[in-house]
Amino acid sequence: MSIPATGTPSLAPTAQRVGERLSELARIGGETGGGVTRLAYTETERDAHRRFCAWANAAGASCNTDPAGNSVAVFQEGTPYFLIGSHLDTVVHGGRYDGAAGVVGALETAEAIGPVHLGVRVVAFAAEEGARFGRPTLGSSLAAGLLDGDALAKLRDARGTTLLSAASSVGLDPAQTPSWLGDDVACYFELHIEQGRQLEAGSARIGLVDAIAGSVRLQLDLRGRADHSGATPMRARADALAAASECVLAVEDTARRNRSTVATVGRMHINPNNVTTIPGQVTLTVDVRDVDPDLQRRAAGLVLEAATKIAVRRGVRLAPEVLSLQPPVVLSAWPRAILYDECRARGVAFRVLPSGAGHDAAVVARRAPAAMLFIPCVDGVSHAPNEQASPGDIALASDLLCRAIRRTDELLLAARR
Ligand SMILES: [Zn+2]
C-alpha cells in the first residue's frame, strides 16, 4: 500500500511574484539611495519576519517565531520534514537580495511544491549577519543548540547594548531557545546570492555549493611608544602603526601562498591617532578563511608567527587574541547530486563551487543534511546598496528546488519501504 501524499499543488514560481515580494521587503528598512538596513534584533528585522509570516498565512501555512526570533512556517505537516530558507536581517546599508532572495525563493518553492510525503517548512532565520553583534548565524546556531548561554550573555553591539537586552526590547528571549534543529530535518535547502563573480564569469545561472569556508578571527594588539613626531629620531622609535603595517602585508602574503585561502585586515584602531604623535598602540583584526580546515589553521598560525617576529624586531609588544574559530563545512553530497541531475535534466547552466562567505547552511549542516544553491549577483557585489540579482534566476532556483525536493521525497520514501 502506498502512503498518500499531502498538501495541495499551487502555482509554479514566477519572477514577477519574486520581484514584488523582494520590493516589499526592501521597503522594510529601506533607505534613500536603494540600500536596506535591517539589523539583528531591531523592530525593522521583526517587521520583515511579520511580513514573512503574513505571506505564509495567506498561503495557508501556520507560522511561529521561536525565542531567538527565527520564524518557521509549516506548509505541510509531517516529520521528518524538508526545511527551506535563509535570513531576513542585513548589514548596515546592505542590499535587497542577501538573505531575502533565499526566503522569498523558499516561499515560492513551498507554495509550488505540491503533495509530498514528508513535511515541508520554510524558515526565516534571525540575526545571520554578524554586523551588529560581531558573531554571525546567531538564530540558526541557537536553534541548533550550538551557542551556550555564557557566550550569548557576552555579546554586545558597538553602542554597548547587550544582545539579550536588544532581543528583549523586541519581545524575544534567545536564552530560552529550544534546540529544535536536529533529526527531524530530512534535508535543509538554502538559496542565496553568490557574493562572488564565478557564476557570472562562467555564464552559469546556478551554483551548487560543495563546501562553505570557515574562519579564524584574530585580534592583534601592538603596543609601542607614543612620542613626539618632531623630537624623536627615527632610530629611537617604537612605532606601533609601522609594525601594524608590516603585519597587514604579512597577512596578505600568507593568504597568497594558497589558492583557497583568503585573509583580511578589516579593522584597525590607532591610538592616539594624532597628526604629530608617533602611534603608541594599534589594534587590528585579521579574518582568515579557507574551505580546507588544515590550510585555514596553518594560515592563522603563520600570521601569528609573522606578527611575533615583526613585533620583536621593532621593539613593540604583541598581545594576540583569538576572537572566533569556525571550521569549514563540507555539505552532504547526495542532495547536491539530486540538484545536479535536475539542472542537467532542465538544461540549466550550472557549476559546482565553494562558498567563501559563511551561511546558515553551514550551521544546519552540523545537525542535518544541507544543500545550497547560488544565483549570480551583478559584479559579485553584496553587502552594498547596489547589490543586484535577477528575480528570474530566483524563480528558476525555486523551481529546481521544487523538483529536487519532490525527487528526494520519493527516494527517502523508497528507502523507508
Ligand atoms: Zn546572507
# chains A, B, ... in the order shown; residues from 1 in each chain; ligands from 1
>>> select_by_dssp(residues="stretch 81-182 of chain A", states="helix (DSSP H, G or I)", output="PyMOL selection string")
chain A and resi 100-112+138-143+149-154+163-169+174-176
>>> write_last_selection(atoms="N, CA and C atoms", output="JSON list (two decimals), in the first residue's frame")
[["chain", "number", "residue", "atom", "x", "y", "z"],
["A", 100, "ALA", "N", 17.18, 37.82, 1.80],
["A", 100, "ALA", "CA", 15.80, 37.96, 1.36],
["A", 100, "ALA", "C", 15.51, 37.10, 0.12],
["A", 101, "ALA", "N", 16.47, 37.02, -0.80],
["A", 101, "ALA", "CA", 16.27, 36.20, -2.01],
["A", 101, "ALA", "C", 15.97, 34.75, -1.63],
["A", 102, "GLY", "N", 16.68, 34.26, -0.61],
["A", 102, "GLY", "CA", 16.51, 32.86, -0.18],
["A", 102, "GLY", "C", 15.18, 32.62, 0.52],
["A", 103, "VAL", "N", 14.72, 33.62, 1.28],
["A", 103, "VAL", "CA", 13.45, 33.47, 2.00],
["A", 103, "VAL", "C", 12.29, 33.55, 1.01],
["A", 104, "VAL", "N", 12.36, 34.54, 0.11],
["A", 104, "VAL", "CA", 11.30, 34.68, -0.91],
["A", 104, "VAL", "C", 11.30, 33.44, -1.82],
["A", 105, "GLY", "N", 12.49, 33.00, -2.21],
["A", 105, "GLY", "CA", 12.59, 31.80, -3.05],
["A", 105, "GLY", "C", 12.03, 30.56, -2.36],
["A", 106, "ALA", "N", 12.29, 30.46, -1.05],
["A", 106, "ALA", "CA", 11.79, 29.31, -0.28],
["A", 106, "ALA", "C", 10.26, 29.32, -0.21],
["A", 107, "LEU", "N", 9.67, 30.52, -0.08],
["A", 107, "LEU", "CA", 8.20, 30.62, -0.07],
["A", 107, "LEU", "C", 7.64, 30.15, -1.41],
["A", 108, "GLU", "N", 8.29, 30.59, -2.50],
["A", 108, "GLU", "CA", 7.86, 30.17, -3.84],
["A", 108, "GLU", "C", 7.91, 28.64, -3.94],
["A", 109, "THR", "N", 8.99, 28.06, -3.47],
["A", 109, "THR", "CA", 9.15, 26.61, -3.54],
["A", 109, "THR", "C", 8.05, 25.91, -2.75],
["A", 110, "ALA", "N", 7.86, 26.37, -1.50],
["A", 110, "ALA", "CA", 6.88, 25.70, -0.63],
["A", 110, "ALA", "C", 5.46, 25.83, -1.19],
["A", 111, "GLU", "N", 5.17, 26.97, -1.81],
["A", 111, "GLU", "CA", 3.83, 27.18, -2.36],
["A", 111, "GLU", "C", 3.59, 26.34, -3.61],
["A", 112, "ALA", "N", 4.68, 26.01, -4.31],
["A", 112, "ALA", "CA", 4.53, 25.34, -5.60],
["A", 112, "ALA", "C", 4.80, 23.84, -5.54],
["A", 138, "LEU", "N", 23.50, 33.79, 14.42],
["A", 138, "LEU", "CA", 23.04, 33.63, 15.80],
["A", 138, "LEU", "C", 21.76, 32.80, 15.87],
["A", 139, "GLY", "N", 20.78, 33.15, 15.01],
["A", 139, "GLY", "CA", 19.48, 32.46, 15.06],
["A", 139, "GLY", "C", 19.61, 30.98, 14.79],
["A", 140, "SER", "N", 20.32, 30.62, 13.72],
["A", 140, "SER", "CA", 20.45, 29.19, 13.39],
["A", 140, "SER", "C", 21.28, 28.47, 14.44],
["A", 141, "SER", "N", 22.33, 29.13, 14.96],
["A", 141, "SER", "CA", 23.17, 28.49, 15.98],
["A", 141, "SER", "C", 22.36, 28.20, 17.25],
["A", 142, "LEU", "N", 21.49, 29.14, 17.63],
["A", 142, "LEU", "CA", 20.65, 28.92, 18.82],
["A", 142, "LEU", "C", 19.68, 27.77, 18.57],
["A", 143, "ALA", "N", 19.06, 27.74, 17.39],
["A", 143, "ALA", "CA", 18.10, 26.69, 17.07],
["A", 143, "ALA", "C", 18.78, 25.32, 17.01],
["A", 149, "GLY", "N", 24.84, 29.71, 26.82],
["A", 149, "GLY", "CA", 24.34, 30.90, 27.49],
["A", 149, "GLY", "C", 25.41, 31.92, 27.84],
["A", 150, "ASP", "N", 26.60, 31.43, 28.25],
["A", 150, "ASP", "CA", 27.68, 32.36, 28.63],
["A", 150, "ASP", "C", 28.12, 33.18, 27.43],
["A", 151, "ALA", "N", 28.32, 32.49, 26.29],
["A", 151, "ALA", "CA", 28.76, 33.18, 25.07],
["A", 151, "ALA", "C", 27.70, 34.19, 24.64],
["A", 152, "LEU", "N", 26.44, 33.80, 24.79],
["A", 152, "LEU", "CA", 25.32, 34.67, 24.40],
["A", 152, "LEU", "C", 25.29, 35.93, 25.26],
["A", 153, "ALA", "N", 25.48, 35.75, 26.57],
["A", 153, "ALA", "CA", 25.39, 36.88, 27.51],
["A", 153, "ALA", "C", 26.50, 37.90, 27.28],
["A", 154, "LYS", "N", 27.61, 37.48, 26.66],
["A", 154, "LYS", "CA", 28.74, 38.40, 26.47],
["A", 154, "LYS", "C", 28.56, 39.31, 25.26],
["A", 163, "LEU", "N", 23.12, 41.84, 23.58],
["A", 163, "LEU", "CA", 22.20, 41.13, 22.68],
["A", 163, "LEU", "C", 20.91, 40.80, 23.42],
["A", 164, "LEU", "N", 21.06, 40.36, 24.68],
["A", 164, "LEU", "CA", 19.88, 39.94, 25.42],
["A", 164, "LEU", "C", 18.91, 41.10, 25.66],
["A", 165, "SER", "N", 19.45, 42.31, 25.93],
["A", 165, "SER", "CA", 18.51, 43.42, 26.15],
["A", 165, "SER", "C", 17.92, 43.91, 24.82],
["A", 166, "ALA", "N", 18.73, 43.85, 23.74],
["A", 166, "ALA", "CA", 18.19, 44.23, 22.42],
["A", 166, "ALA", "C", 17.06, 43.28, 22.05],
["A", 167, "ALA", "N", 17.28, 41.98, 22.26],
["A", 167, "ALA", "CA", 16.26, 40.99, 21.92],
["A", 167, "ALA", "C", 15.02, 41.19, 22.78],
["A", 168, "SER", "N", 15.24, 41.46, 24.06],
["A", 168, "SER", "CA", 14.10, 41.65, 24.96],
["A", 168, "SER", "C", 13.27, 42.87, 24.56],
["A", 169, "SER", "N", 13.94, 43.91, 24.04],
["A", 169, "SER", "CA", 13.18, 45.11, 23.64],
["A", 169, "SER", "C", 12.28, 44.85, 22.43],
["A", 174, "PRO", "N", 16.37, 35.03, 23.57],
["A", 174, "PRO", "CA", 17.18, 33.99, 22.93],
["A", 174, "PRO", "C", 17.72, 32.92, 23.89],
["A", 175, "ALA", "N", 17.93, 33.29, 25.18],
["A", 175, "ALA", "CA", 18.46, 32.32, 26.13],
["A", 175, "ALA", "C", 17.49, 31.14, 26.34],
["A", 176, "GLN", "N", 16.23, 31.36, 26.00],
["A", 176, "GLN", "CA", 15.21, 30.31, 26.20],
["A", 176, "GLN", "C", 14.96, 29.47, 24.94]]
>>> select_by_dssp(residues="stretch 176-331 of chain A", states="strand (DSSP E or B)", output="ChimeraX atom specification")
/A:185-193,206-212,215-223,228,262-271,277,281-289,317-326,329-330
>>> residues_around(residues="A:Val74", least_positions_apart="2", cutoff="7 Å", atoms="only C-alpha atoms", output="list in words")
Ala61, Ser62, Cys63, Val72, Gln76, Glu77, Val120, Arg121 and Val122 of chain A
>>> write_last_selection(atoms="N, CA and C atoms", output="CSV table (one decimal), in the first residue's frame")
chain,number,residue,atom,x,y,z
A,61,ALA,N,-0.3,28.4,5.5
A,61,ALA,CA,0.6,27.8,6.4
A,61,ALA,C,0.6,28.5,7.8
A,62,SER,N,0.8,27.8,8.9
A,62,SER,CA,0.9,28.4,10.2
A,62,SER,C,2.3,28.9,10.3
A,63,CYS,N,2.5,29.9,11.1
A,63,CYS,CA,3.8,30.5,11.3
A,63,CYS,C,4.1,30.8,12.7
A,72,VAL,N,9.2,30.1,11.6
A,72,VAL,CA,9.1,28.9,10.9
A,72,VAL,C,7.6,28.7,10.4
A,76,GLN,N,3.5,22.0,5.0
A,76,GLN,CA,2.9,20.6,5.1
A,76,GLN,C,3.3,20.0,6.3
A,77,GLU,N,2.3,19.4,7.1
A,77,GLU,CA,2.7,18.8,8.4
A,77,GLU,C,3.4,17.5,8.1
A,120,VAL,N,6.9,19.9,5.0
A,120,VAL,CA,7.6,21.0,4.3
A,120,VAL,C,7.5,22.3,5.2
A,121,ARG,N,8.6,22.8,5.6
A,121,ARG,CA,8.6,24.0,6.4
A,121,ARG,C,9.6,25.0,5.8
A,122,VAL,N,9.2,26.3,6.0
A,122,VAL,CA,10.1,27.4,5.5
A,122,VAL,C,10.6,28.2,6.7
>>> residues_near_ligand(ligand="ligand 1", cutoff="12 Å", atoms="only C-alpha atoms and all ligand atoms", output="VMD selection string")
chain A and resid 85 to 91 94 to 103 124 to 131 136 to 137 190 to 195 355 to 362 372 374 382 to 383 387
>>> write_last_selection(atoms="C-alpha atoms", output="mmCIF file, in the first residue's frame")
data_model
loop_
_atom_site.group_PDB
_atom_site.id
_atom_site.type_symbol
_atom_site.label_atom_id
_atom_site.label_comp_id
_atom_site.auth_asym_id
_atom_site.auth_seq_id
_atom_site.Cartn_x
_atom_site.Cartn_y
_atom_site.Cartn_z
ATOM 1 C CA GLY A 85 15.035 29.109 3.981
ATOM 2 C CA SER A 86 17.605 31.806 4.650
ATOM 3 C CA HIS A 87 17.687 35.020 6.727
ATOM 4 C CA LEU A 88 15.952 38.423 6.769
ATOM 5 C CA ASP A 89 18.452 40.672 8.567
ATOM 6 C CA THR A 90 21.017 42.761 6.664
ATOM 7 C CA VAL A 91 24.240 44.643 7.309
ATOM 8 C CA GLY A 94 23.091 46.403 2.719
ATOM 9 C CA GLY A 95 21.231 45.251 -0.369
ATOM 10 C CA ARG A 96 17.806 43.792 -1.042
ATOM 11 C CA TYR A 97 18.894 40.261 -2.076
ATOM 12 C CA ASP A 98 21.308 38.890 0.548
ATOM 13 C CA GLY A 99 19.106 36.605 2.659
ATOM 14 C CA ALA A 100 15.796 37.963 1.356
ATOM 15 C CA ALA A 101 16.271 36.199 -2.013
ATOM 16 C CA GLY A 102 16.507 32.864 -0.185
ATOM 17 C CA VAL A 103 13.451 33.467 1.999
ATOM 18 C CA ALA A 124 13.460 32.801 8.100
ATOM 19 C CA PHE A 125 16.471 32.735 10.409
ATOM 20 C CA ALA A 126 17.170 35.700 12.688
ATOM 21 C CA ALA A 127 20.463 37.550 13.070
ATOM 22 C CA GLU A 128 22.543 35.800 10.405
ATOM 23 C CA GLU A 129 24.788 38.768 9.735
ATOM 24 C CA GLY A 130 27.496 39.414 12.302
ATOM 25 C CA ALA A 131 27.061 43.116 11.516
ATOM 26 C CA PRO A 136 27.232 35.636 12.608
ATOM 27 C CA THR A 137 24.442 32.993 12.316
ATOM 28 C CA GLU A 190 19.143 27.347 1.095
ATOM 29 C CA LEU A 191 19.120 29.608 -1.936
ATOM 30 C CA HIS A 192 21.454 32.623 -1.776
ATOM 31 C CA ILE A 193 23.181 35.166 -3.982
ATOM 32 C CA GLU A 194 26.739 34.095 -4.770
ATOM 33 C CA GLN A 195 28.508 37.233 -3.451
ATOM 34 C CA SER A 355 31.350 29.480 -0.702
ATOM 35 C CA GLY A 356 33.856 31.923 0.724
ATOM 36 C CA ALA A 357 31.164 33.572 2.852
ATOM 37 C CA GLY A 358 29.524 31.904 5.839
ATOM 38 C CA HIS A 359 25.839 30.941 5.758
ATOM 39 C CA ASP A 360 23.097 29.441 7.951
ATOM 40 C CA ALA A 361 23.504 26.270 5.838
ATOM 41 C CA ALA A 362 26.952 25.745 7.410
ATOM 42 C CA MET A 372 22.973 25.314 -1.042
ATOM 43 C CA PHE A 374 23.730 30.104 -5.528
ATOM 44 C CA SER A 382 26.886 42.301 -1.962
ATOM 45 C CA HIS A 383 26.501 43.990 1.431
ATOM 46 C CA GLU A 387 23.635 44.606 -4.788
#
>>> residues_around(residues="A:Pro279", least_positions_apart="3", cutoff="8 Å", atoms="only C-alpha atoms", output="VMD selection string")
chain A and resid 224 to 227 239 to 241 270 to 274 282
>>> write_last_selection(atoms="N, CA and C atoms", output="short mmCIF file (atom, residue, chain, number, x, y, z; two decimals), in the first residue's frame")
data_model
loop_
_atom_site.label_atom_id
_atom_site.label_comp_id
_atom_site.auth_asym_id
_atom_site.auth_seq_id
_atom_site.Cartn_x
_atom_site.Cartn_y
_atom_site.Cartn_z
N GLY A 224 53.60 50.09 21.20
CA GLY A 224 54.93 50.68 21.09
C GLY A 224 55.02 51.82 22.08
N ARG A 225 55.48 53.01 21.59
CA ARG A 225 55.59 54.15 22.49
C ARG A 225 55.13 55.40 21.76
N ALA A 226 54.18 56.12 22.36
CA ALA A 226 53.68 57.35 21.75
C ALA A 226 54.65 58.49 22.08
N ASP A 227 55.40 58.95 21.04
CA ASP A 227 56.37 60.04 21.24
C ASP A 227 56.08 61.17 20.27
N ASP A 239 57.26 52.45 16.86
CA ASP A 239 56.04 52.89 16.16
C ASP A 239 55.09 51.71 15.97
N ALA A 240 53.98 51.73 16.68
CA ALA A 240 53.03 50.61 16.62
C ALA A 240 52.36 50.52 15.25
N LEU A 241 52.16 51.66 14.59
CA LEU A 241 51.49 51.63 13.29
C LEU A 241 52.41 51.10 12.19
N ILE A 270 43.87 53.13 15.82
CA ILE A 270 45.18 53.73 16.08
C ILE A 270 45.06 54.68 17.27
N ASN A 271 46.00 54.56 18.16
CA ASN A 271 46.00 55.40 19.35
C ASN A 271 47.35 56.11 19.50
N PRO A 272 47.43 57.40 19.70
CA PRO A 272 46.30 58.32 19.88
C PRO A 272 45.67 58.83 18.58
N ASN A 273 46.13 58.41 17.40
CA ASN A 273 45.54 58.84 16.13
C ASN A 273 45.65 60.36 15.98
N ASN A 274 46.84 60.83 16.11
CA ASN A 274 47.11 62.27 16.16
C ASN A 274 48.20 62.61 15.13
N VAL A 282 48.23 50.10 18.38
CA VAL A 282 47.35 49.78 17.26
C VAL A 282 46.71 48.42 17.53
#
